[in-house]
Amino acid sequence: MSNPQAGVSLSRCAHLQIYSESEEKTMQSAVIIPARANSTRFKNKPLADLCGKPMIWWVYHRAIKAKHPTYVYVATDSQEIAEVCHAFSIPTILTSPDLQTSTERIYEASKSVPADFYVCVNGDEPLIAPDLIDRIIPDSPPDTFFVSNLMTAVYSPAEVVDESNIKVVVDTNQNALLFSRSPIPHPKASLSFSYYKHLGILGYTKEALRFFAQTKRGPLEAIEDINELRFLEHGKPVHMIAVEAGTLSVDTPKDLDYVREVLRDALQKGEVIV
């Protein structure tokens, strides 16, 4: 995987591959990690300390261990986050502070990073497994419009009712029927089913990102505050990929304490080196 030189603007960090006419161009994929400072629930979350390193450092270093991505960047609207990333040699793209969603931030970053496929890895996933990133990247360039998302089974009742966990149900082709913060489906006739939640790893073609950025938020998205509903409300498929995963997104200071203990234990055992 390519690892461009770090900087706070693309012009300082991008070393794009150049192919001669005789070379076969392989699919280019870019992982973009959106990071904003003014989270409503946890201000400056990407810079929260985890065992001596900011959380965004842990997410980036998980991402670069994936085998398939060509590039990995952080996309942020915060000069402070950009400067911290620069200090840790993390390639960074500054984006507009007016963007409302992570998907729009990915789209703005994609204008500076030519690729066939873009992967969003949420900046609050410091325990994300690198192989999960590889699972969402196709072997060859997908159709012009293509959106995919990872999902994993939920076994804890507390996770099912937690509104920070976005639940999803799919059709027989593994395309999403609905995303919701409420438990779906409702267990009226049977308890013999599994709940699934979506993970903070999503894949898009450039055309899909453009569609999202140029399409107004619908009523369901406005109610649930779930980006992926913008595609479903306008009849666009979102392909779901089921995986086994034990990741935890950091939504609260309590989550941060738990992740810190996990990483501290891994450091003591020599499973992680910083």
# chains A, B, ... in the order shown; residues from 1 in each chain; ligands from 1

$ select_by_dssp --residues "segment 33-262 of chain A" --states "alpha helix (DSSP H)" --output "number ranges by chain"
A: 55-63, 79-87, 102-110, 130-136, 157-161, 206-214, 219-224, 229-233, 253-262

$ residues_around --residues "segment 228-243 of chain A" --least-positions-apart "6" --cutoff "6 Å" --atoms "only C-alpha atoms" --output "ChimeraX atom specification"
/A:147-152,174-176,221

$ write_last_selection --atoms "N, CA and C atoms" --output "CSV table (one decimal), in the first residue's frame"
chain,number,residue,atom,x,y,z
A,147,VAL,N,-22.5,1.7,-3.8
A,147,VAL,CA,-22.3,2.0,-2.4
A,147,VAL,C,-22.3,0.7,-1.6
A,148,SER,N,-21.4,0.5,-0.7
A,148,SER,CA,-21.4,-0.7,0.1
A,148,SER,C,-21.1,-0.3,1.6
A,149,ASN,N,-21.5,-1.2,2.4
A,149,ASN,CA,-21.4,-1.0,3.9
A,149,ASN,C,-21.2,-2.3,4.6
A,150,LEU,N,-20.3,-2.3,5.6
A,150,LEU,CA,-20.2,-3.5,6.4
A,150,LEU,C,-21.2,-3.6,7.5
A,151,MET,N,-21.7,-4.8,7.8
A,151,MET,CA,-22.6,-5.0,9.0
A,151,MET,C,-22.1,-6.2,9.8
A,152,THR,N,-22.5,-6.2,11.0
A,152,THR,CA,-22.1,-7.3,11.9
A,152,THR,C,-23.3,-7.6,12.8
A,174,GLN,N,-28.9,-9.0,-0.3
A,174,GLN,CA,-28.0,-8.3,0.6
A,174,GLN,C,-27.9,-6.8,0.4
A,175,ASN,N,-29.0,-6.2,-0.1
A,175,ASN,CA,-29.1,-4.8,-0.2
A,175,ASN,C,-29.9,-4.3,0.9
A,176,ALA,N,-29.6,-3.1,1.5
A,176,ALA,CA,-30.3,-2.6,2.7
A,176,ALA,C,-31.7,-2.2,2.3
A,221,GLU,N,-34.0,10.6,6.7
A,221,GLU,CA,-32.6,10.9,7.1
A,221,GLU,C,-32.6,12.0,8.1

$ select_by_dssp --residues "segment 30-252 of chain A" --states "strand (DSSP E)" --output "PDB file with N, CA and C atoms, in the first residue's frame"
ATOM      1  N   ALA A  30      -8.815   4.595  -2.149  1.00  0.00           N
ATOM      2  CA  ALA A  30      -8.351   5.554  -1.154  1.00  0.00           C
ATOM      3  C   ALA A  30      -9.203   5.455   0.094  1.00  0.00           C
ATOM      4  N   VAL A  31      -8.559   5.274   1.227  1.00  0.00           N
ATOM      5  CA  VAL A  31      -9.243   5.325   2.512  1.00  0.00           C
ATOM      6  C   VAL A  31      -9.199   6.767   3.004  1.00  0.00           C
ATOM      7  N   ILE A  32     -10.362   7.310   3.308  1.00  0.00           N
ATOM      8  CA  ILE A  32     -10.455   8.664   3.842  1.00  0.00           C
ATOM      9  C   ILE A  32     -11.043   8.568   5.252  1.00  0.00           C
ATOM     10  N   ILE A  33     -10.349   9.152   6.216  1.00  0.00           N
ATOM     11  CA  ILE A  33     -10.797   9.141   7.612  1.00  0.00           C
ATOM     12  C   ILE A  33     -11.318  10.532   7.956  1.00  0.00           C
ATOM     13  N   PRO A  34     -12.637  10.728   7.982  1.00  0.00           N
ATOM     14  CA  PRO A  34     -13.161  12.051   8.322  1.00  0.00           C
ATOM     15  C   PRO A  34     -12.984  12.335   9.811  1.00  0.00           C
ATOM     16  N   ALA A  35     -12.545  13.538  10.126  1.00  0.00           N
ATOM     17  CA  ALA A  35     -12.308  13.916  11.517  1.00  0.00           C
ATOM     18  C   ALA A  35     -12.682  15.379  11.703  1.00  0.00           C
ATOM     19  N   ASP A  49      -6.707  11.651  24.056  1.00  0.00           N
ATOM     20  CA  ASP A  49      -5.503  10.868  24.333  1.00  0.00           C
ATOM     21  C   ASP A  49      -5.824   9.396  24.576  1.00  0.00           C
ATOM     22  N   LEU A  50      -5.090   8.552  23.886  1.00  0.00           N
ATOM     23  CA  LEU A  50      -5.155   7.108  24.102  1.00  0.00           C
ATOM     24  C   LEU A  50      -3.732   6.593  24.256  1.00  0.00           C
ATOM     25  N   LYS A  53      -1.049   8.807  22.559  1.00  0.00           N
ATOM     26  CA  LYS A  53      -1.248   9.188  21.158  1.00  0.00           C
ATOM     27  C   LYS A  53      -2.706   9.626  20.969  1.00  0.00           C
ATOM     28  N   PRO A  54      -2.952  10.608  20.082  1.00  0.00           N
ATOM     29  CA  PRO A  54      -4.341  11.003  19.825  1.00  0.00           C
ATOM     30  C   PRO A  54      -5.102   9.883  19.134  1.00  0.00           C
ATOM     31  N   TYR A  71      -4.062   4.494  -0.908  1.00  0.00           N
ATOM     32  CA  TYR A  71      -3.746   5.683  -0.120  1.00  0.00           C
ATOM     33  C   TYR A  71      -4.605   5.710   1.136  1.00  0.00           C
ATOM     34  N   VAL A  72      -4.101   6.375   2.154  1.00  0.00           N
ATOM     35  CA  VAL A  72      -4.873   6.628   3.367  1.00  0.00           C
ATOM     36  C   VAL A  72      -4.669   8.095   3.759  1.00  0.00           C
ATOM     37  N   TYR A  73      -5.771   8.819   3.928  1.00  0.00           N
ATOM     38  CA  TYR A  73      -5.724  10.225   4.306  1.00  0.00           C
ATOM     39  C   TYR A  73      -6.693  10.495   5.449  1.00  0.00           C
ATOM     40  N   VAL A  74      -6.402  11.503   6.230  1.00  0.00           N
ATOM     41  CA  VAL A  74      -7.370  12.096   7.138  1.00  0.00           C
ATOM     42  C   VAL A  74      -7.946  13.322   6.448  1.00  0.00           C
ATOM     43  N   ALA A  75      -9.264  13.485   6.535  1.00  0.00           N
ATOM     44  CA  ALA A  75      -9.924  14.676   5.993  1.00  0.00           C
ATOM     45  C   ALA A  75     -10.567  15.426   7.156  1.00  0.00           C
ATOM     46  N   THR A  76     -10.142  16.657   7.382  1.00  0.00           N
ATOM     47  CA  THR A  76     -10.622  17.410   8.535  1.00  0.00           C
ATOM     48  C   THR A  76     -10.881  18.865   8.189  1.00  0.00           C
ATOM     49  N   THR A  92      -2.925  14.505   5.283  1.00  0.00           N
ATOM     50  CA  THR A  92      -4.146  15.185   5.687  1.00  0.00           C
ATOM     51  C   THR A  92      -4.649  16.126   4.600  1.00  0.00           C
ATOM     52  N   ILE A  93      -5.963  16.179   4.455  1.00  0.00           N
ATOM     53  CA  ILE A  93      -6.610  17.099   3.525  1.00  0.00           C
ATOM     54  C   ILE A  93      -7.532  18.001   4.322  1.00  0.00           C
ATOM     55  N   LEU A  94      -7.360  19.300   4.189  1.00  0.00           N
ATOM     56  CA  LEU A  94      -8.254  20.249   4.840  1.00  0.00           C
ATOM     57  C   LEU A  94      -9.523  20.411   4.008  1.00  0.00           C
ATOM     58  N   PHE A 117     -12.244   3.893  -6.141  1.00  0.00           N
ATOM     59  CA  PHE A 117     -13.112   3.536  -5.033  1.00  0.00           C
ATOM     60  C   PHE A 117     -12.629   4.242  -3.779  1.00  0.00           C
ATOM     61  N   TYR A 118     -13.602   4.749  -2.996  1.00  0.00           N
ATOM     62  CA  TYR A 118     -13.275   5.494  -1.787  1.00  0.00           C
ATOM     63  C   TYR A 118     -13.892   4.800  -0.579  1.00  0.00           C
ATOM     64  N   VAL A 119     -13.098   4.641   0.453  1.00  0.00           N
ATOM     65  CA  VAL A 119     -13.550   3.988   1.671  1.00  0.00           C
ATOM     66  C   VAL A 119     -13.547   4.988   2.813  1.00  0.00           C
ATOM     67  N   CYS A 120     -14.686   5.101   3.473  1.00  0.00           N
ATOM     68  CA  CYS A 120     -14.784   5.931   4.670  1.00  0.00           C
ATOM     69  C   CYS A 120     -14.538   5.048   5.886  1.00  0.00           C
ATOM     70  N   VAL A 121     -13.535   5.394   6.672  1.00  0.00           N
ATOM     71  CA  VAL A 121     -13.304   4.753   7.971  1.00  0.00           C
ATOM     72  C   VAL A 121     -13.507   5.830   9.024  1.00  0.00           C
ATOM     73  N   VAL A 147     -22.500   1.739  -3.814  1.00  0.00           N
ATOM     74  CA  VAL A 147     -22.321   2.038  -2.397  1.00  0.00           C
ATOM     75  C   VAL A 147     -22.326   0.716  -1.644  1.00  0.00           C
ATOM     76  N   SER A 148     -21.387   0.545  -0.720  1.00  0.00           N
ATOM     77  CA  SER A 148     -21.379  -0.665   0.098  1.00  0.00           C
ATOM     78  C   SER A 148     -21.095  -0.306   1.550  1.00  0.00           C
ATOM     79  N   ASN A 149     -21.466  -1.202   2.440  1.00  0.00           N
ATOM     80  CA  ASN A 149     -21.355  -0.958   3.872  1.00  0.00           C
ATOM     81  C   ASN A 149     -21.166  -2.302   4.571  1.00  0.00           C
ATOM     82  N   LEU A 150     -20.341  -2.327   5.595  1.00  0.00           N
ATOM     83  CA  LEU A 150     -20.189  -3.537   6.385  1.00  0.00           C
ATOM     84  C   LEU A 150     -21.234  -3.577   7.493  1.00  0.00           C
ATOM     85  N   MET A 151     -21.669  -4.782   7.841  1.00  0.00           N
ATOM     86  CA  MET A 151     -22.575  -4.957   8.975  1.00  0.00           C
ATOM     87  C   MET A 151     -22.149  -6.188   9.760  1.00  0.00           C
ATOM     88  N   THR A 152     -22.498  -6.203  11.030  1.00  0.00           N
ATOM     89  CA  THR A 152     -22.149  -7.338  11.878  1.00  0.00           C
ATOM     90  C   THR A 152     -23.297  -7.645  12.820  1.00  0.00           C
ATOM     91  N   ALA A 153     -23.428  -8.913  13.203  1.00  0.00           N
ATOM     92  CA  ALA A 153     -24.506  -9.325  14.092  1.00  0.00           C
ATOM     93  C   ALA A 153     -24.329  -8.705  15.476  1.00  0.00           C
ATOM     94  N   VAL A 154     -25.448  -8.373  16.093  1.00  0.00           N
ATOM     95  CA  VAL A 154     -25.461  -7.804  17.436  1.00  0.00           C
ATOM     96  C   VAL A 154     -26.059  -8.849  18.380  1.00  0.00           C
ATOM     97  N   LYS A 167     -29.000   0.068  13.308  1.00  0.00           N
ATOM     98  CA  LYS A 167     -29.429  -1.258  12.885  1.00  0.00           C
ATOM     99  C   LYS A 167     -29.837  -1.247  11.414  1.00  0.00           C
ATOM    100  N   VAL A 168     -29.739  -2.415  10.791  1.00  0.00           N
ATOM    101  CA  VAL A 168     -30.038  -2.514   9.363  1.00  0.00           C
ATOM    102  C   VAL A 168     -30.718  -3.847   9.081  1.00  0.00           C
ATOM    103  N   VAL A 169     -31.658  -3.839   8.131  1.00  0.00           N
ATOM    104  CA  VAL A 169     -32.253  -5.069   7.605  1.00  0.00           C
ATOM    105  C   VAL A 169     -32.031  -5.078   6.098  1.00  0.00           C
ATOM    106  N   VAL A 170     -31.884  -6.278   5.520  1.00  0.00           N
ATOM    107  CA  VAL A 170     -31.515  -6.398   4.106  1.00  0.00           C
ATOM    108  C   VAL A 170     -32.502  -7.286   3.359  1.00  0.00           C
ATOM    109  N   ALA A 176     -29.569  -3.113   1.492  1.00  0.00           N
ATOM    110  CA  ALA A 176     -30.273  -2.580   2.656  1.00  0.00           C
ATOM    111  C   ALA A 176     -31.715  -2.217   2.320  1.00  0.00           C
ATOM    112  N   LEU A 177     -32.636  -2.619   3.194  1.00  0.00           N
ATOM    113  CA  LEU A 177     -34.027  -2.186   3.095  1.00  0.00           C
ATOM    114  C   LEU A 177     -34.275  -0.952   3.948  1.00  0.00           C
ATOM    115  N   LEU A 178     -33.639  -0.929   5.113  1.00  0.00           N
ATOM    116  CA  LEU A 178     -33.832   0.196   6.020  1.00  0.00           C
ATOM    117  C   LEU A 178     -32.716   0.229   7.061  1.00  0.00           C
ATOM    118  N   PHE A 179     -32.316   1.442   7.400  1.00  0.00           N
ATOM    119  CA  PHE A 179     -31.427   1.688   8.533  1.00  0.00           C
ATOM    120  C   PHE A 179     -32.239   2.407   9.606  1.00  0.00           C
ATOM    121  N   SER A 180     -31.979   2.087  10.871  1.00  0.00           N
ATOM    122  CA  SER A 180     -32.693   2.776  11.938  1.00  0.00           C
ATOM    123  C   SER A 180     -31.898   2.708  13.233  1.00  0.00           C
ATOM    124  N   TYR A 195     -30.193  -9.531  14.979  1.00  0.00           N
ATOM    125  CA  TYR A 195     -30.089  -8.111  14.683  1.00  0.00           C
ATOM    126  C   TYR A 195     -28.716  -7.841  14.069  1.00  0.00           C
ATOM    127  N   TYR A 196     -28.672  -6.870  13.161  1.00  0.00           N
ATOM    128  CA  TYR A 196     -27.399  -6.448  12.571  1.00  0.00           C
ATOM    129  C   TYR A 196     -27.246  -4.943  12.718  1.00  0.00           C
ATOM    130  N   LYS A 197     -26.013  -4.519  12.940  1.00  0.00           N
ATOM    131  CA  LYS A 197     -25.720  -3.092  12.962  1.00  0.00           C
ATOM    132  C   LYS A 197     -24.679  -2.787  11.901  1.00  0.00           C
ATOM    133  N   HIS A 198     -24.728  -1.587  11.377  1.00  0.00           N
ATOM    134  CA  HIS A 198     -23.732  -1.213  10.380  1.00  0.00           C
ATOM    135  C   HIS A 198     -22.451  -0.779  11.095  1.00  0.00           C
ATOM    136  N   LEU A 199     -21.326  -0.972  10.413  1.00  0.00           N
ATOM    137  CA  LEU A 199     -20.037  -0.580  10.948  1.00  0.00           C
ATOM    138  C   LEU A 199     -19.578   0.712  10.284  1.00  0.00           C
ATOM    139  N   GLY A 200     -18.618   1.372  10.923  1.00  0.00           N
ATOM    140  CA  GLY A 200     -18.136   2.647  10.388  1.00  0.00           C
ATOM    141  C   GLY A 200     -17.139   2.498   9.269  1.00  0.00           C
ATOM    142  N   ILE A 201     -17.414   1.560   8.360  1.00  0.00           N
ATOM    143  CA  ILE A 201     -16.594   1.373   7.160  1.00  0.00           C
ATOM    144  C   ILE A 201     -17.530   1.303   5.970  1.00  0.00           C
ATOM    145  N   LEU A 202     -17.438   2.285   5.089  1.00  0.00           N
ATOM    146  CA  LEU A 202     -18.343   2.383   3.946  1.00  0.00           C
ATOM    147  C   LEU A 202     -17.544   2.612   2.678  1.00  0.00           C
ATOM    148  N   GLY A 203     -18.057   2.116   1.552  1.00  0.00           N
ATOM    149  CA  GLY A 203     -17.365   2.254   0.281  1.00  0.00           C
ATOM    150  C   GLY A 203     -18.227   2.935  -0.760  1.00  0.00           C
ATOM    151  N   TYR A 204     -17.602   3.790  -1.577  1.00  0.00           N
ATOM    152  CA  TYR A 204     -18.336   4.554  -2.576  1.00  0.00           C
ATOM    153  C   TYR A 204     -17.520   4.694  -3.860  1.00  0.00           C
ATOM    154  N   HIS A 239     -25.308  -1.851  -0.842  1.00  0.00           N
ATOM    155  CA  HIS A 239     -25.004  -3.272  -0.681  1.00  0.00           C
ATOM    156  C   HIS A 239     -24.340  -3.511   0.670  1.00  0.00           C
ATOM    157  N   MET A 240     -24.856  -4.477   1.419  1.00  0.00           N
ATOM    158  CA  MET A 240     -24.347  -4.783   2.745  1.00  0.00           C
ATOM    159  C   MET A 240     -23.492  -6.047   2.712  1.00  0.00           C
ATOM    160  N   ILE A 241     -22.393  -6.017   3.445  1.00  0.00           N
ATOM    161  CA  ILE A 241     -21.476  -7.152   3.537  1.00  0.00           C
ATOM    162  C   ILE A 241     -21.395  -7.568   5.000  1.00  0.00           C
ATOM    163  N   ALA A 242     -21.821  -8.791   5.302  1.00  0.00           N
ATOM    164  CA  ALA A 242     -21.814  -9.274   6.683  1.00  0.00           C
ATOM    165  C   ALA A 242     -20.427  -9.759   7.071  1.00  0.00           C
TER     166      ALA A 242
END

$ atom_distance --atom1 "atom CA of Leu127 of chain A" --atom2 "atom CA of Tyr258 of chain A"
11.0 Å

$ residues_around --residues "segment 103-109 of chain A" --least-positions-apart "3" --cutoff "6 Å" --atoms "only C-alpha atoms" --output "list in words"
Ser112, Leu209 and Ala213 of chain A

$ atom_distance --atom1 "atom CA of Ser110 of chain A" --atom2 "atom CA of Lys206 of chain A"
7.2 Å

$ closest_residue --among "A:Cys85, A:Met27, A:Ile133, A:Leu99" --to "Lys65 of chain A" --atoms "only C-alpha atoms"
A:Ile133

$ residues_around --residues "segment 248-257 of chain A" --least-positions-apart "2" --cutoff "8 Å" --atoms "only C-alpha atoms" --output "list in words"
Arg41, Phe42, Leu50, Asp124, Glu125, Pro126, Leu127, Ile128, Ser164, Gly200, Gly246, Val259, Arg260 and Glu261 of chain A

$ write_last_selection --atoms "C-alpha atoms" --output "compact mmCIF listing (two decimals), in the first residue's frame"
# COMPACT_ATOMS: atom_id res chain seq x y z
CA ARG A 41 -21.45 14.73 21.85
CA PHE A 42 -17.68 14.75 22.26
CA LEU A 50 -5.15 7.11 24.10
CA ASP A 124 -13.73 7.24 16.13
CA GLU A 125 -12.81 3.59 15.44
CA PRO A 126 -9.37 3.16 17.09
CA LEU A 127 -9.88 -0.60 17.42
CA ILE A 128 -10.88 -1.18 13.80
CA SER A 164 -25.73 5.04 18.69
CA GLY A 200 -18.14 2.65 10.39
CA GLY A 246 -15.82 -6.73 17.64
CA VAL A 259 -10.74 1.63 24.62
CA ARG A 260 -7.84 3.09 26.59
CA GLU A 261 -7.84 0.03 28.86

$ closest_residue --among "A:Ser192, A:Asn44, A:Ser89, A:Ser29" --to "Ala66 of chain A" --atoms "only C-alpha atoms"
A:Ser29

$ residues_around --residues "Ala208 of chain A" --least-positions-apart "6" --cutoff "8 Å" --atoms "only C-alpha atoms" --output "list in words"
Thr144, Phe145, Phe146 and Val147 of chain A

$ write_last_selection --atoms "N, CA and C atoms" --output "PDB file, in the first residue's frame"
ATOM      1  N   THR A 144     -20.415   2.466 -12.134  1.00  0.00           N
ATOM      2  CA  THR A 144     -20.270   3.908 -11.898  1.00  0.00           C
ATOM      3  C   THR A 144     -20.899   4.334 -10.581  1.00  0.00           C
ATOM      4  N   PHE A 145     -22.110   3.814 -10.306  1.00  0.00           N
ATOM      5  CA  PHE A 145     -22.774   4.129  -9.039  1.00  0.00           C
ATOM      6  C   PHE A 145     -22.769   2.880  -8.179  1.00  0.00           C
ATOM      7  N   PHE A 146     -22.071   2.946  -7.064  1.00  0.00           N
ATOM      8  CA  PHE A 146     -21.999   1.786  -6.176  1.00  0.00           C
ATOM      9  C   PHE A 146     -21.713   2.262  -4.761  1.00  0.00           C
ATOM     10  N   VAL A 147     -22.500   1.739  -3.814  1.00  0.00           N
ATOM     11  CA  VAL A 147     -22.321   2.038  -2.397  1.00  0.00           C
ATOM     12  C   VAL A 147     -22.326   0.716  -1.644  1.00  0.00           C
TER      13      VAL A 147
END

$ atom_distance --atom1 "atom CA of Ile64 of chain A" --atom2 "atom CA of Gln100 of chain A"
26.5 Å

$ closest_residue --among "A:Pro91, A:Gln268, A:Asp139, A:Pro185" --to "Val113 of chain A" --atoms "only C-alpha atoms"
A:Pro91

$ closest_residue --among "A:Thr70, A:Ser102, A:Ser156, A:Ser96" --to "Asp134 of chain A" --atoms "only C-alpha atoms"
A:Thr70

$ closest_residue --among "A:Val84, A:Arg62, A:Asp171, A:Arg181" --to "Gly123 of chain A" --atoms "only C-alpha atoms"
A:Arg62
